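Pasted below: final.cif, mmCIF, C-alpha atoms and all ligand atoms.
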data_structure
loop_
_atom_site.group_PDB
_atom_site.id
_atom_site.type_symbol
_atom_site.label_atom_id
_atom_site.label_comp_id
_atom_site.auth_asym_id
_atom_site.auth_seq_id
_atom_site.Cartn_x
_atom_site.Cartn_y
_atom_site.Cartn_z
ATOM 1 C CA MET A 1260 14.376 -2.046 -17.694
ATOM 2 C CA SER A 1261 11.533 -4.440 -18.363
ATOM 3 C CA ILE A 1262 9.717 -5.626 -15.239
ATOM 4 C CA LEU A 1263 7.067 -7.667 -17.036
ATOM 5 C CA LYS A 1264 7.493 -9.556 -20.254
ATOM 6 C CA THR A 1265 5.326 -12.086 -22.054
ATOM 7 C CA GLU A 1266 6.245 -14.329 -24.938
ATOM 8 C CA GLN A 1267 3.682 -16.012 -27.150
ATOM 9 C CA LEU A 1268 1.094 -16.009 -24.432
ATOM 10 C CA ILE A 1269 -1.932 -18.133 -25.246
ATOM 11 C CA LYS A 1270 -5.085 -18.795 -23.243
ATOM 12 C CA VAL A 1271 -7.691 -21.267 -24.354
ATOM 13 C CA TYR A 1272 -10.961 -21.719 -22.482
ATOM 14 C CA GLY A 1273 -13.301 -24.659 -22.663
ATOM 15 C CA SER A 1274 -13.198 -28.368 -23.304
ATOM 16 C CA LYS A 1275 -11.601 -30.092 -26.280
ATOM 17 C CA LYS A 1276 -14.860 -30.039 -28.243
ATOM 18 C CA ASN A 1277 -15.736 -26.460 -27.471
ATOM 19 C CA GLN A 1278 -12.536 -24.465 -27.359
ATOM 20 C CA GLN A 1279 -12.204 -20.723 -27.408
ATOM 21 C CA GLU A 1280 -8.813 -19.171 -27.929
ATOM 22 C CA VAL A 1281 -9.076 -15.938 -25.946
ATOM 23 C CA LEU A 1282 -5.428 -14.830 -25.882
ATOM 24 C CA ARG A 1283 -3.723 -15.472 -29.164
ATOM 25 C CA ASN A 1284 -0.005 -14.943 -29.029
ATOM 26 C CA ILE A 1285 0.397 -11.914 -26.798
ATOM 27 C CA ASN A 1286 3.893 -10.421 -26.668
ATOM 28 C CA ILE A 1287 4.152 -7.399 -24.429
ATOM 29 C CA SER A 1288 6.787 -5.789 -22.292
ATOM 30 C CA VAL A 1289 6.289 -3.285 -19.475
ATOM 31 C CA ASP A 1290 9.129 -1.191 -18.124
ATOM 32 C CA GLU A 1291 9.783 -0.569 -14.470
ATOM 33 C CA GLY A 1292 7.827 2.486 -13.330
ATOM 34 C CA GLU A 1293 5.462 2.519 -16.310
ATOM 35 C CA PHE A 1294 1.735 3.182 -15.974
ATOM 36 C CA VAL A 1295 0.096 1.135 -18.726
ATOM 37 C CA SER A 1296 -3.560 0.773 -19.690
ATOM 38 C CA ILE A 1297 -5.066 -2.166 -21.504
ATOM 39 C CA MET A 1298 -8.126 -1.330 -23.603
ATOM 40 C CA GLY A 1299 -10.266 -3.121 -26.136
ATOM 41 C CA PRO A 1300 -13.848 -4.076 -26.960
ATOM 42 C CA SER A 1301 -15.942 -6.069 -24.507
ATOM 43 C CA GLY A 1302 -14.957 -9.733 -24.698
ATOM 44 C CA SER A 1303 -11.591 -8.996 -26.328
ATOM 45 C CA GLY A 1304 -9.683 -10.711 -23.493
ATOM 46 C CA LYS A 1305 -8.595 -7.830 -21.229
ATOM 47 C CA THR A 1306 -9.615 -9.392 -17.927
ATOM 48 C CA THR A 1307 -8.287 -12.746 -19.049
ATOM 49 C CA LEU A 1308 -4.940 -11.139 -19.876
ATOM 50 C CA LEU A 1309 -4.772 -9.364 -16.514
ATOM 51 C CA ASN A 1310 -5.703 -12.551 -14.646
ATOM 52 C CA VAL A 1311 -3.057 -14.549 -16.453
ATOM 53 C CA LEU A 1312 -0.391 -11.861 -15.962
ATOM 54 C CA SER A 1313 -1.222 -11.588 -12.279
ATOM 55 C CA SER A 1314 -1.273 -15.376 -11.748
ATOM 56 C CA ILE A 1315 -4.950 -15.390 -10.754
ATOM 57 C CA ASP A 1316 -5.371 -17.720 -13.726
ATOM 58 C CA TYR A 1317 -2.820 -19.794 -15.628
ATOM 59 C CA ALA A 1318 -1.799 -19.470 -19.268
ATOM 60 C CA THR A 1319 -2.370 -22.363 -21.654
ATOM 61 C CA SER A 1320 1.100 -21.787 -23.121
ATOM 62 C CA GLY A 1321 3.764 -19.135 -23.439
ATOM 63 C CA GLN A 1322 6.027 -17.348 -20.992
ATOM 64 C CA ILE A 1323 5.511 -14.675 -18.376
ATOM 65 C CA GLU A 1324 8.421 -13.107 -16.555
ATOM 66 C CA ILE A 1325 7.915 -10.624 -13.712
ATOM 67 C CA ASN A 1326 10.858 -8.959 -12.007
ATOM 68 C CA GLY A 1327 13.126 -11.773 -13.148
ATOM 69 C CA HIS A 1328 10.801 -14.582 -12.022
ATOM 70 C CA LYS A 1329 9.477 -16.969 -14.644
ATOM 71 C CA LEU A 1330 5.916 -17.745 -13.558
ATOM 72 C CA GLN A 1331 5.731 -21.099 -15.305
ATOM 73 C CA ASN A 1332 8.695 -22.385 -13.296
ATOM 74 C CA MET A 1333 7.108 -21.829 -9.896
ATOM 75 C CA ASN A 1334 5.280 -24.319 -7.721
ATOM 76 C CA ASN A 1335 2.177 -23.321 -5.727
ATOM 77 C CA LYS A 1336 4.070 -22.321 -2.610
ATOM 78 C CA GLN A 1337 6.582 -20.217 -4.519
ATOM 79 C CA MET A 1338 3.725 -18.682 -6.460
ATOM 80 C CA SER A 1339 1.842 -17.610 -3.355
ATOM 81 C CA GLU A 1340 5.026 -16.116 -1.832
ATOM 82 C CA PHE A 1341 5.707 -14.357 -5.098
ATOM 83 C CA ARG A 1342 2.198 -12.941 -5.234
ATOM 84 C CA LYS A 1343 2.388 -11.549 -1.700
ATOM 85 C CA LYS A 1344 5.782 -9.989 -2.239
ATOM 86 C CA GLU A 1345 5.700 -8.750 -5.798
ATOM 87 C CA LEU A 1346 2.064 -8.042 -6.706
ATOM 88 C CA GLY A 1347 -0.630 -5.593 -5.624
ATOM 89 C CA PHE A 1348 -4.272 -5.684 -6.713
ATOM 90 C CA ILE A 1349 -7.055 -3.148 -7.146
ATOM 91 C CA PHE A 1350 -10.429 -4.547 -8.218
ATOM 92 C CA GLN A 1351 -13.555 -2.835 -9.488
ATOM 93 C CA GLU A 1352 -15.556 -4.087 -6.502
ATOM 94 C CA TYR A 1353 -12.927 -2.978 -3.936
ATOM 95 C CA ASN A 1354 -12.621 -6.346 -2.115
ATOM 96 C CA LEU A 1355 -12.242 -4.761 1.328
ATOM 97 C CA LEU A 1356 -12.981 -6.752 4.470
ATOM 98 C CA ASN A 1357 -16.058 -5.270 6.120
ATOM 99 C CA THR A 1358 -15.088 -6.356 9.632
ATOM 100 C CA LEU A 1359 -11.800 -4.440 9.498
ATOM 101 C CA THR A 1360 -11.301 -0.680 9.672
ATOM 102 C CA VAL A 1361 -9.774 1.268 6.797
ATOM 103 C CA GLN A 1362 -6.412 1.229 8.556
ATOM 104 C CA GLU A 1363 -6.593 -2.517 9.291
ATOM 105 C CA ASN A 1364 -7.533 -3.231 5.681
ATOM 106 C CA ILE A 1365 -4.570 -1.226 4.425
ATOM 107 C CA MET A 1366 -2.127 -2.811 6.876
ATOM 108 C CA LEU A 1367 -3.330 -6.356 6.137
ATOM 109 C CA PRO A 1368 -0.673 -7.217 3.529
ATOM 110 C CA LEU A 1369 2.043 -6.271 6.025
ATOM 111 C CA THR A 1370 0.828 -8.620 8.753
ATOM 112 C CA ILE A 1371 2.028 -11.541 6.669
ATOM 113 C CA GLN A 1372 5.382 -9.924 5.915
ATOM 114 C CA LYS A 1373 8.337 -9.332 8.163
ATOM 115 C CA VAL A 1374 7.908 -5.581 8.432
ATOM 116 C CA SER A 1375 8.469 -3.888 11.798
ATOM 117 C CA ARG A 1376 5.532 -2.171 13.469
ATOM 118 C CA ARG A 1377 7.292 1.156 13.193
ATOM 119 C CA GLU A 1378 7.994 0.744 9.496
ATOM 120 C CA ALA A 1379 4.412 -0.416 8.914
ATOM 121 C CA GLN A 1380 3.024 2.662 10.679
ATOM 122 C CA LYS A 1381 5.335 4.929 8.708
ATOM 123 C CA ARG A 1382 4.263 3.440 5.383
ATOM 124 C CA PHE A 1383 0.610 3.599 6.383
ATOM 125 C CA GLU A 1384 0.866 7.306 7.184
ATOM 126 C CA GLU A 1385 2.736 8.163 3.987
ATOM 127 C CA ILE A 1386 0.353 6.272 1.735
ATOM 128 C CA SER A 1387 -2.831 7.382 3.497
ATOM 129 C CA ASN A 1388 -1.740 10.989 3.316
ATOM 130 C CA ALA A 1389 -0.914 10.645 -0.376
ATOM 131 C CA LEU A 1390 -4.313 9.076 -1.046
ATOM 132 C CA GLY A 1391 -6.231 11.469 1.207
ATOM 133 C CA ILE A 1392 -7.791 8.901 3.530
ATOM 134 C CA MET A 1393 -6.043 9.697 6.824
ATOM 135 C CA ASP A 1394 -9.223 11.130 8.348
ATOM 136 C CA ILE A 1395 -11.257 7.975 7.724
ATOM 137 C CA GLN A 1396 -8.699 5.476 9.030
ATOM 138 C CA ASN A 1397 -10.922 4.307 11.897
ATOM 139 C CA LYS A 1398 -14.064 3.900 9.836
ATOM 140 C CA TYR A 1399 -15.375 0.632 8.426
ATOM 141 C CA PRO A 1400 -15.899 0.056 4.680
ATOM 142 C CA ASN A 1401 -19.691 0.350 4.991
ATOM 143 C CA GLU A 1402 -19.255 3.824 6.514
ATOM 144 C CA ILE A 1403 -17.309 5.332 3.601
ATOM 145 C CA SER A 1404 -18.026 6.327 -0.013
ATOM 146 C CA GLY A 1405 -17.154 4.321 -3.117
ATOM 147 C CA GLY A 1406 -14.321 6.704 -3.939
ATOM 148 C CA GLN A 1407 -12.922 6.368 -0.426
ATOM 149 C CA LYS A 1408 -13.240 2.587 -0.639
ATOM 150 C CA GLN A 1409 -11.253 2.518 -3.860
ATOM 151 C CA ARG A 1410 -8.559 4.802 -2.440
ATOM 152 C CA THR A 1411 -8.373 2.477 0.569
ATOM 153 C CA SER A 1412 -8.009 -0.480 -1.736
ATOM 154 C CA ALA A 1413 -5.284 1.385 -3.671
ATOM 155 C CA ALA A 1414 -3.444 2.095 -0.401
ATOM 156 C CA ARG A 1415 -3.620 -1.603 0.437
ATOM 157 C CA ALA A 1416 -2.153 -2.428 -2.969
ATOM 158 C CA PHE A 1417 0.771 -0.024 -2.509
ATOM 159 C CA ILE A 1418 1.696 -0.700 1.119
ATOM 160 C CA ALA A 1419 3.758 -3.841 0.559
ATOM 161 C CA GLN A 1420 5.723 -1.979 -2.141
ATOM 162 C CA PRO A 1421 5.031 -4.554 -4.855
ATOM 163 C CA SER A 1422 6.893 -4.494 -8.142
ATOM 164 C CA ILE A 1423 3.623 -4.345 -10.092
ATOM 165 C CA ILE A 1424 0.094 -3.234 -9.301
ATOM 166 C CA PHE A 1425 -2.673 -4.796 -11.371
ATOM 167 C CA ALA A 1426 -5.977 -2.950 -11.561
ATOM 168 C CA ASP A 1427 -9.079 -4.262 -13.347
ATOM 169 C CA GLU A 1428 -11.546 -1.434 -14.070
ATOM 170 C CA PRO A 1429 -10.634 0.389 -10.820
ATOM 171 C CA THR A 1430 -12.906 3.300 -11.718
ATOM 172 C CA GLY A 1431 -15.733 1.092 -13.015
ATOM 173 C CA ALA A 1432 -17.987 1.678 -10.010
ATOM 174 C CA LEU A 1433 -17.069 5.322 -9.400
ATOM 175 C CA ASP A 1434 -18.670 8.587 -10.493
ATOM 176 C CA SER A 1435 -16.486 10.750 -12.720
ATOM 177 C CA LYS A 1436 -15.289 13.037 -9.914
ATOM 178 C CA SER A 1437 -14.210 10.112 -7.689
ATOM 179 C CA ALA A 1438 -12.698 8.413 -10.723
ATOM 180 C CA SER A 1439 -10.524 11.393 -11.677
ATOM 181 C CA ASP A 1440 -9.581 11.803 -8.023
ATOM 182 C CA LEU A 1441 -8.401 8.187 -7.830
ATOM 183 C CA LEU A 1442 -6.567 8.395 -11.162
ATOM 184 C CA ASN A 1443 -4.769 11.589 -10.163
ATOM 185 C CA LYS A 1444 -3.643 9.806 -7.018
ATOM 186 C CA LEU A 1445 -2.551 6.681 -8.900
ATOM 187 C CA ASP A 1446 -0.625 8.873 -11.308
ATOM 188 C CA HIS A 1447 1.006 10.672 -8.386
ATOM 189 C CA MET A 1448 1.899 7.388 -6.626
ATOM 190 C CA ASN A 1449 3.279 6.034 -9.890
ATOM 191 C CA GLN A 1450 5.575 9.049 -10.178
ATOM 192 C CA SER A 1451 6.583 9.316 -6.530
ATOM 193 C CA THR A 1452 7.137 5.608 -5.761
ATOM 194 C CA LYS A 1453 8.076 4.408 -9.277
ATOM 195 C CA ALA A 1454 5.527 1.625 -8.789
ATOM 196 C CA THR A 1455 4.568 -0.040 -12.053
ATOM 197 C CA ILE A 1456 0.827 -0.039 -12.762
ATOM 198 C CA VAL A 1457 -1.030 -2.183 -15.296
ATOM 199 C CA MET A 1458 -4.680 -1.150 -15.537
ATOM 200 C CA VAL A 1459 -7.534 -2.599 -17.567
ATOM 201 C CA THR A 1460 -10.161 -0.018 -18.434
ATOM 202 C CA HIS A 1461 -12.836 0.625 -21.031
ATOM 203 C CA ASP A 1462 -12.848 4.309 -20.122
ATOM 204 C CA SER A 1463 -10.707 6.517 -22.404
ATOM 205 C CA VAL A 1464 -10.582 9.240 -19.779
ATOM 206 C CA ALA A 1465 -9.133 6.777 -17.265
ATOM 207 C CA ALA A 1466 -6.660 5.506 -19.855
ATOM 208 C CA SER A 1467 -5.497 9.057 -20.604
ATOM 209 C CA TYR A 1468 -3.925 9.206 -17.119
ATOM 210 C CA SER A 1469 -1.523 6.403 -18.022
ATOM 211 C CA ASN A 1470 1.629 6.691 -20.138
ATOM 212 C CA ARG A 1471 0.810 4.022 -22.676
ATOM 213 C CA VAL A 1472 -2.296 2.260 -23.922
ATOM 214 C CA ILE A 1473 -2.168 -1.265 -25.306
ATOM 215 C CA PHE A 1474 -5.239 -2.051 -27.426
ATOM 216 C CA ILE A 1475 -6.388 -5.656 -27.549
ATOM 217 C CA LYS A 1476 -8.717 -7.002 -30.206
ATOM 218 C CA ASP A 1477 -9.789 -10.642 -30.583
ATOM 219 C CA GLY A 1478 -7.086 -11.743 -28.178
ATOM 220 C CA LYS A 1479 -4.243 -10.016 -30.006
ATOM 221 C CA VAL A 1480 -2.374 -6.779 -29.508
ATOM 222 C CA TYR A 1481 -3.974 -4.486 -32.067
ATOM 223 C CA SER A 1482 -1.940 -1.317 -31.480
ATOM 224 C CA GLU A 1483 -0.223 0.795 -28.866
ATOM 225 C CA LEU A 1484 -0.247 4.488 -28.086
ATOM 226 C CA TYR A 1485 2.363 6.369 -26.096
ATOM 227 C CA LYS A 1486 1.563 9.571 -24.275
ATOM 228 C CA GLY A 1487 5.080 10.934 -24.808
ATOM 229 C CA ASP A 1488 5.129 14.667 -24.232
ATOM 230 C CA ASP A 1489 1.422 15.012 -24.967
ATOM 231 C CA ASP A 1490 -0.808 16.496 -22.330
ATOM 232 C CA ARG A 1491 -3.666 14.375 -21.058
ATOM 233 C CA GLU A 1492 -6.256 16.090 -23.244
ATOM 234 C CA SER A 1493 -4.474 15.379 -26.542
ATOM 235 C CA PHE A 1494 -3.600 11.835 -25.425
ATOM 236 C CA TYR A 1495 -7.309 11.352 -24.689
ATOM 237 C CA LYS A 1496 -8.157 12.445 -28.254
ATOM 238 C CA GLU A 1497 -5.649 9.968 -29.688
ATOM 239 C CA ILE A 1498 -7.169 7.182 -27.591
ATOM 240 C CA ILE A 1499 -10.693 8.023 -28.771
ATOM 241 C CA LYS A 1500 -9.490 7.959 -32.379
ATOM 242 C CA THR A 1501 -7.950 4.496 -32.034
ATOM 243 C CA GLN A 1502 -11.035 3.254 -30.219
ATOM 244 C CA SER A 1503 -13.337 4.311 -33.025
ATOM 245 C CA VAL A 1504 -11.183 2.435 -35.532
ATOM 246 C CA LEU A 1505 -11.115 -0.581 -33.227
ATOM 247 C CA GLY A 1506 -14.913 -0.761 -33.130
ATOM 248 C CA GLY A 1507 -16.944 -3.142 -31.009
ATOM 249 C CA VAL A 1508 -18.665 -2.415 -27.752
ATOM 250 C CA VAL A 1509 -15.989 -0.391 -26.066
ATOM 251 C CA ASN A 1510 -18.017 1.911 -23.909
ATOM 252 C CA GLU A 1511 -20.725 0.130 -21.990
ATOM 253 C CA LEU A 1512 -21.623 2.920 -19.587
HETATM 254 N N1 LIG B 1601 -13.744 -18.586 -17.132
HETATM 255 C C1 LIG B 1601 -14.084 -18.548 -18.430
HETATM 256 N N2 LIG B 1601 -14.440 -19.664 -19.074
HETATM 257 C C2 LIG B 1601 -14.761 -19.648 -20.384
HETATM 258 N N3 LIG B 1601 -14.754 -18.540 -21.147
HETATM 259 C C3 LIG B 1601 -14.407 -17.381 -20.564
HETATM 260 C C4 LIG B 1601 -14.052 -17.316 -19.171
HETATM 261 N N4 LIG B 1601 -13.752 -16.028 -18.868
HETATM 262 C C5 LIG B 1601 -13.916 -15.329 -20.006
HETATM 263 N N5 LIG B 1601 -14.302 -16.126 -21.025
HETATM 264 C C6 LIG B 1601 -14.531 -15.710 -22.426
HETATM 265 O O1 LIG B 1601 -13.321 -15.143 -22.912
HETATM 266 C C7 LIG B 1601 -13.573 -13.974 -23.701
HETATM 267 C C8 LIG B 1601 -12.808 -12.800 -23.112
HETATM 268 O O2 LIG B 1601 -13.337 -12.487 -21.840
HETATM 269 P P1 LIG B 1601 -12.716 -11.337 -20.922
HETATM 270 O O3 LIG B 1601 -13.465 -11.353 -19.642
HETATM 271 O O4 LIG B 1601 -11.260 -11.494 -20.856
HETATM 272 O O5 LIG B 1601 -13.085 -10.038 -21.776
HETATM 273 P P2 LIG B 1601 -12.906 -8.500 -21.437
HETATM 274 O O6 LIG B 1601 -12.102 -7.916 -22.542
HETATM 275 O O7 LIG B 1601 -12.407 -8.322 -20.058
HETATM 276 O O8 LIG B 1601 -14.402 -7.966 -21.561
HETATM 277 P P3 LIG B 1601 -15.176 -6.813 -20.740
HETATM 278 O O9 LIG B 1601 -14.754 -5.502 -21.333
HETATM 279 O O10 LIG B 1601 -16.619 -7.098 -21.042
HETATM 280 O O11 LIG B 1601 -14.839 -6.944 -19.286
HETATM 281 C C9 LIG B 1601 -15.073 -13.799 -23.722
HETATM 282 O O12 LIG B 1601 -15.557 -14.340 -24.919
HETATM 283 C C10 LIG B 1601 -15.562 -14.593 -22.534
HETATM 284 O O13 LIG B 1601 -16.839 -15.097 -22.766
HETATM 285 MG MG MG B 1602 -13.211 -7.459 -18.229
#

Could you take the file, read its structure, and then write that structure out as structure tokens?
Ligand SMILES: Nc1ncnc2c1ncn2[C@@H]1O[C@H](COP(=O)(O)OP(=O)(O)OP(=O)(O)O)[C@@H](O)[C@H]1O
Ligand SMILES: [Mg+2]
Amino acid sequence: MSILKTEQLIKVYGSKKNQQEVLRNINISVDEGEFVSIMGPSGSGKTTLLNVLSSIDYATSGQIEINGHKLQNMNNKQMSEFRKKELGFIFQEYNLLNTLTVQENIMLPLTIQKVSRREAQKRFEEISNALGIMDIQNKYPNEISGGQKQRTSAARAFIAQPSIIFADEPTGALDSKSASDLLNKLDHMNQSTKATIVMVTHDSVAASYSNRVIFIKDGKVYSELYKGDDDRESFYKEIIKTQSVLGGVVNEL
């Protein structure tokens, strides 16, 4: 079943005189429980696409439907309710609150929802165990490593049990060991909770953890790759192959 669907999605930046069409007719569909990566050269529109899909930014035209809700039909209040209930976010720069402990950061999305204290505690323990951050729950963000910060931010994204988690370069600031650690955990959470994940990345290794890669070029869907029964290593090779055909500045590390 499709949980996210776009139709003829267009995003234009700039004034009338100086327009730039960044998303040019994007039609994609993501199934419930899928782990999808979005790749493409620098400037191809990946972040723009993620921001528009996740209602951080608005589309110029076209349709977006998430879990049966048509985004363009919602007013601001409905949109903010929708965001809290249905969406989770993981950003490259973590976005944790420095004055709150790891546990408080993770529990934050639940304080604005009607979830009992007992249920909240239960979810916190399950997720923190799965992400391996139970032992740092009382620390503050400035007392933990980048990898731990990103796992904390992933726990915060999962705790409200959103229908989709959007991640923009979640491994962008991590070393390769912390990155693979996070991706293994995301993959595990994706399989155990059936949470849908849409991740933008320029890293083919990161993308090889997902089940499908959508390649964007010049604001259009250029091609798609499915992992199928492939192991991660052979999926990685397929991704590299497509990337080299795609060209452009893909890897900026
Ligand atoms: N707020 C904005 N106003 C005007 N133009 C923008 C804005 N944000 C992005 N752009 C332009 O839109 C294009 C796509 O940008 P976007 O950030 O989506 O690319 P990206 O694929 O995420 O690139 P990268 O891999 O470097 O992060 C670029 O040409 C960029 O300059
Ligand atoms: Mg980007």

- Query: Which is closest to A:Leu1263 among A:Asp1440, A:Glu1492, A:Glu1324, A:Glu1363, if we use all atoms listed in the file?
  - Reply: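 That would be A:Glu1324, the residue with the smallest distance to A:Leu1263.
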
- Task: Dump the neighbourhood of ligand MG 1602 (chain B) as a ChimeraX atom specification: all residues within 10 Å, distances computed on only C-alpha atoms and all ligand atoms.
- Result: /A:1298-1310,1351,1427-1428,1459-1461

- Leaving out A:Ser1439 and any residue of its chain fewer than 6 positions from it, which residues lie within 10 Å of it when counting only C-alpha atoms, given as JSON, numbers by chain? {"A": [1406, 1430, 1433, 1445, 1464, 1465, 1468]}

Take the residues just selected and output them with C-alpha atoms as a compact mmCIF listing (two decimals), keeping the file's coordinate frame.
# COMPACT_ATOMS: atom_id res chain seq x y z
CA GLY A 1406 -14.32 6.70 -3.94
CA THR A 1430 -12.91 3.30 -11.72
CA LEU A 1433 -17.07 5.32 -9.40
CA LEU A 1445 -2.55 6.68 -8.90
CA VAL A 1464 -10.58 9.24 -19.78
CA ALA A 1465 -9.13 6.78 -17.26
CA TYR A 1468 -3.92 9.21 -17.12

- Message: Using only C-alpha atoms, which protein or nucleic acid residues come within 10 Å of A:Arg1491? Drop anything in the same chain fewer than 2 positions from it, and give the result as a PyMOL selection string.
- Response: chain A and resi 1464+1466-1470+1486+1488-1489+1493-1497

Keeping only C-alpha atoms, write the selected residues as a JSON list (two decimals), in the coordinates of the input.
[["chain", "number", "residue", "atom", "x", "y", "z"],
["A", 1464, "VAL", "CA", -10.58, 9.24, -19.78],
["A", 1466, "ALA", "CA", -6.66, 5.51, -19.86],
["A", 1467, "SER", "CA", -5.50, 9.06, -20.60],
["A", 1468, "TYR", "CA", -3.92, 9.21, -17.12],
["A", 1469, "SER", "CA", -1.52, 6.40, -18.02],
["A", 1470, "ASN", "CA", 1.63, 6.69, -20.14],
["A", 1486, "LYS", "CA", 1.56, 9.57, -24.28],
["A", 1488, "ASP", "CA", 5.13, 14.67, -24.23],
["A", 1489, "ASP", "CA", 1.42, 15.01, -24.97],
["A", 1493, "SER", "CA", -4.47, 15.38, -26.54],
["A", 1494, "PHE", "CA", -3.60, 11.84, -25.42],
["A", 1495, "TYR", "CA", -7.31, 11.35, -24.69],
["A", 1496, "LYS", "CA", -8.16, 12.44, -28.25],
["A", 1497, "GLU", "CA", -5.65, 9.97, -29.69]]

- Message: Please determine, counting all atoms listed in the file, which residue among A:Ile1262, A:Met1448, A:Ala1318, A:Ile1424 has the shortest atom-to-atom distance to A:Val1289.
- Response: A:Ile1262

Could you give me the axis-aligned bounding box of ligand LIG 1601 (chain B), with 8 Å of padding per side, as centre plus edge lengths in Å to one decimal, as AutoDock Vina command-line options?
--center_x -14.0 --center_y -12.6 --center_z -21.0 --size_x 21.6 --size_y 30.2 --size_z 23.8

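Distance-wise, atom CA of A:Leu1505 and atom CA of A:Phe1350 end up 25.3 Å apart.
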
- Message: Since I can't run it myself right now, could you work out what the PyMOL selection byres (((chain A and resi 1283) around 9) and not hetatm) selects here and report it as a list in words?
- Response: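 Those residues are Gln1267, Leu1268, Ile1269, Lys1270, Val1271, Glu1280, Val1281, Leu1282, Asn1284, Ile1285, Asp1477, Gly1478, Lys1479 and Val1480 of chain A.
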
- Message: Just checking: using only C-alpha atoms and all ligand atoms, which residue out of A:Gln1279, A:Ser1375, A:Asn1397, A:Gln1337 ends up closest to ligand LIG 1601 (chain B)?
- Response: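 Under the stated criterion, the closest residue is A:Gln1279.
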
- Message: Rounded to one decimal, what separation in Å do you get between atom CA of A:Leu1442 and atom CA of A:Val1374?
- Response: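 The value is 28.1 Å.
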
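Using only C-alpha atoms, the nearest neighbour of A:Ser1296 within the list A:Gln1502, A:Ser1463, A:Ser1404, A:Ser1435 is A:Ser1463.
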
- Message: Could you tell me, as a PyMOL selection string, exactly which residues end up selected when the PyMOL selection byres (((chain A and resi 1451) around 12) and not hetatm) is applied to this structure?
- Response: chain A and resi 1292-1293+1385-1386+1389+1417+1444-1450+1452-1455

Could the residues in this selection be written to a file with C-alpha atoms, as a PDB file, in the coordinates of the input?
ATOM      1  CA  GLY A1292       7.827   2.486 -13.330  1.00  0.00           C
ATOM      2  CA  GLU A1293       5.462   2.519 -16.310  1.00  0.00           C
ATOM      3  CA  GLU A1385       2.736   8.163   3.987  1.00  0.00           C
ATOM      4  CA  ILE A1386       0.353   6.272   1.735  1.00  0.00           C
ATOM      5  CA  ALA A1389      -0.914  10.645  -0.376  1.00  0.00           C
ATOM      6  CA  PHE A1417       0.771  -0.024  -2.509  1.00  0.00           C
ATOM      7  CA  LYS A1444      -3.643   9.806  -7.018  1.00  0.00           C
ATOM      8  CA  LEU A1445      -2.551   6.681  -8.900  1.00  0.00           C
ATOM      9  CA  ASP A1446      -0.625   8.873 -11.308  1.00  0.00           C
ATOM     10  CA  HIS A1447       1.006  10.672  -8.386  1.00  0.00           C
ATOM     11  CA  MET A1448       1.899   7.388  -6.626  1.00  0.00           C
ATOM     12  CA  ASN A1449       3.279   6.034  -9.890  1.00  0.00           C
ATOM     13  CA  GLN A1450       5.575   9.049 -10.178  1.00  0.00           C
ATOM     14  CA  THR A1452       7.137   5.608  -5.761  1.00  0.00           C
ATOM     15  CA  LYS A1453       8.076   4.408  -9.277  1.00  0.00           C
ATOM     16  CA  ALA A1454       5.527   1.625  -8.789  1.00  0.00           C
ATOM     17  CA  THR A1455       4.568  -0.040 -12.053  1.00  0.00           C
TER      18      THR A1455
END

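For the point (-3.7, -5.9, -1.7) in file coordinates, the residues within 10 Å, using all atoms listed in the file, are Arg1342, Lys1343, Leu1346, Gly1347, Phe1348, Ile1349, Phe1350, Tyr1353, Asn1354, Leu1355, Asn1364, Ile1365, Met1366, Leu1367, Pro1368, Leu1369, Thr1411, Ser1412, Ala1413, Ala1414, Arg1415, Ala1416, Phe1417, Ile1418, Ala1419, Pro1421, Ile1424 and Phe1425 of chain A.
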
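For the atom pair formed by atom CA of A:Ile1498 and atom CA of A:Ser1261, the distance is 23.9 Å, given to one decimal.
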
- Message: Using only C-alpha atoms and all ligand atoms, can you tell me which of A:Asn1334, A:Thr1370, A:Thr1265, A:Asn1277 comes closest to ligand LIG 1601 (chain B)?
- Response: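 Nearest to ligand LIG 1601 (chain B): A:Asn1277.
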
- Message: With distances taken over all atoms listed in the file, which residue among A:Ile1325, A:Ala1438, A:Ile1287, A:Ile1456 lies nearest A:Lys1408?
- Response: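 Closest candidate: A:Ala1438.
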
- Message: Could you list, as a list in words, every residue within 12 Å of A:Thr1358, counting all atoms listed in the file and ignoring same-chain residues fewer than 6 positions away?
- Response: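 Skipping anything fewer than 6 positions along the chain leaves Asn1364, Asn1397, Lys1398, Tyr1399, Pro1400, Asn1401 and Glu1402 of chain A.
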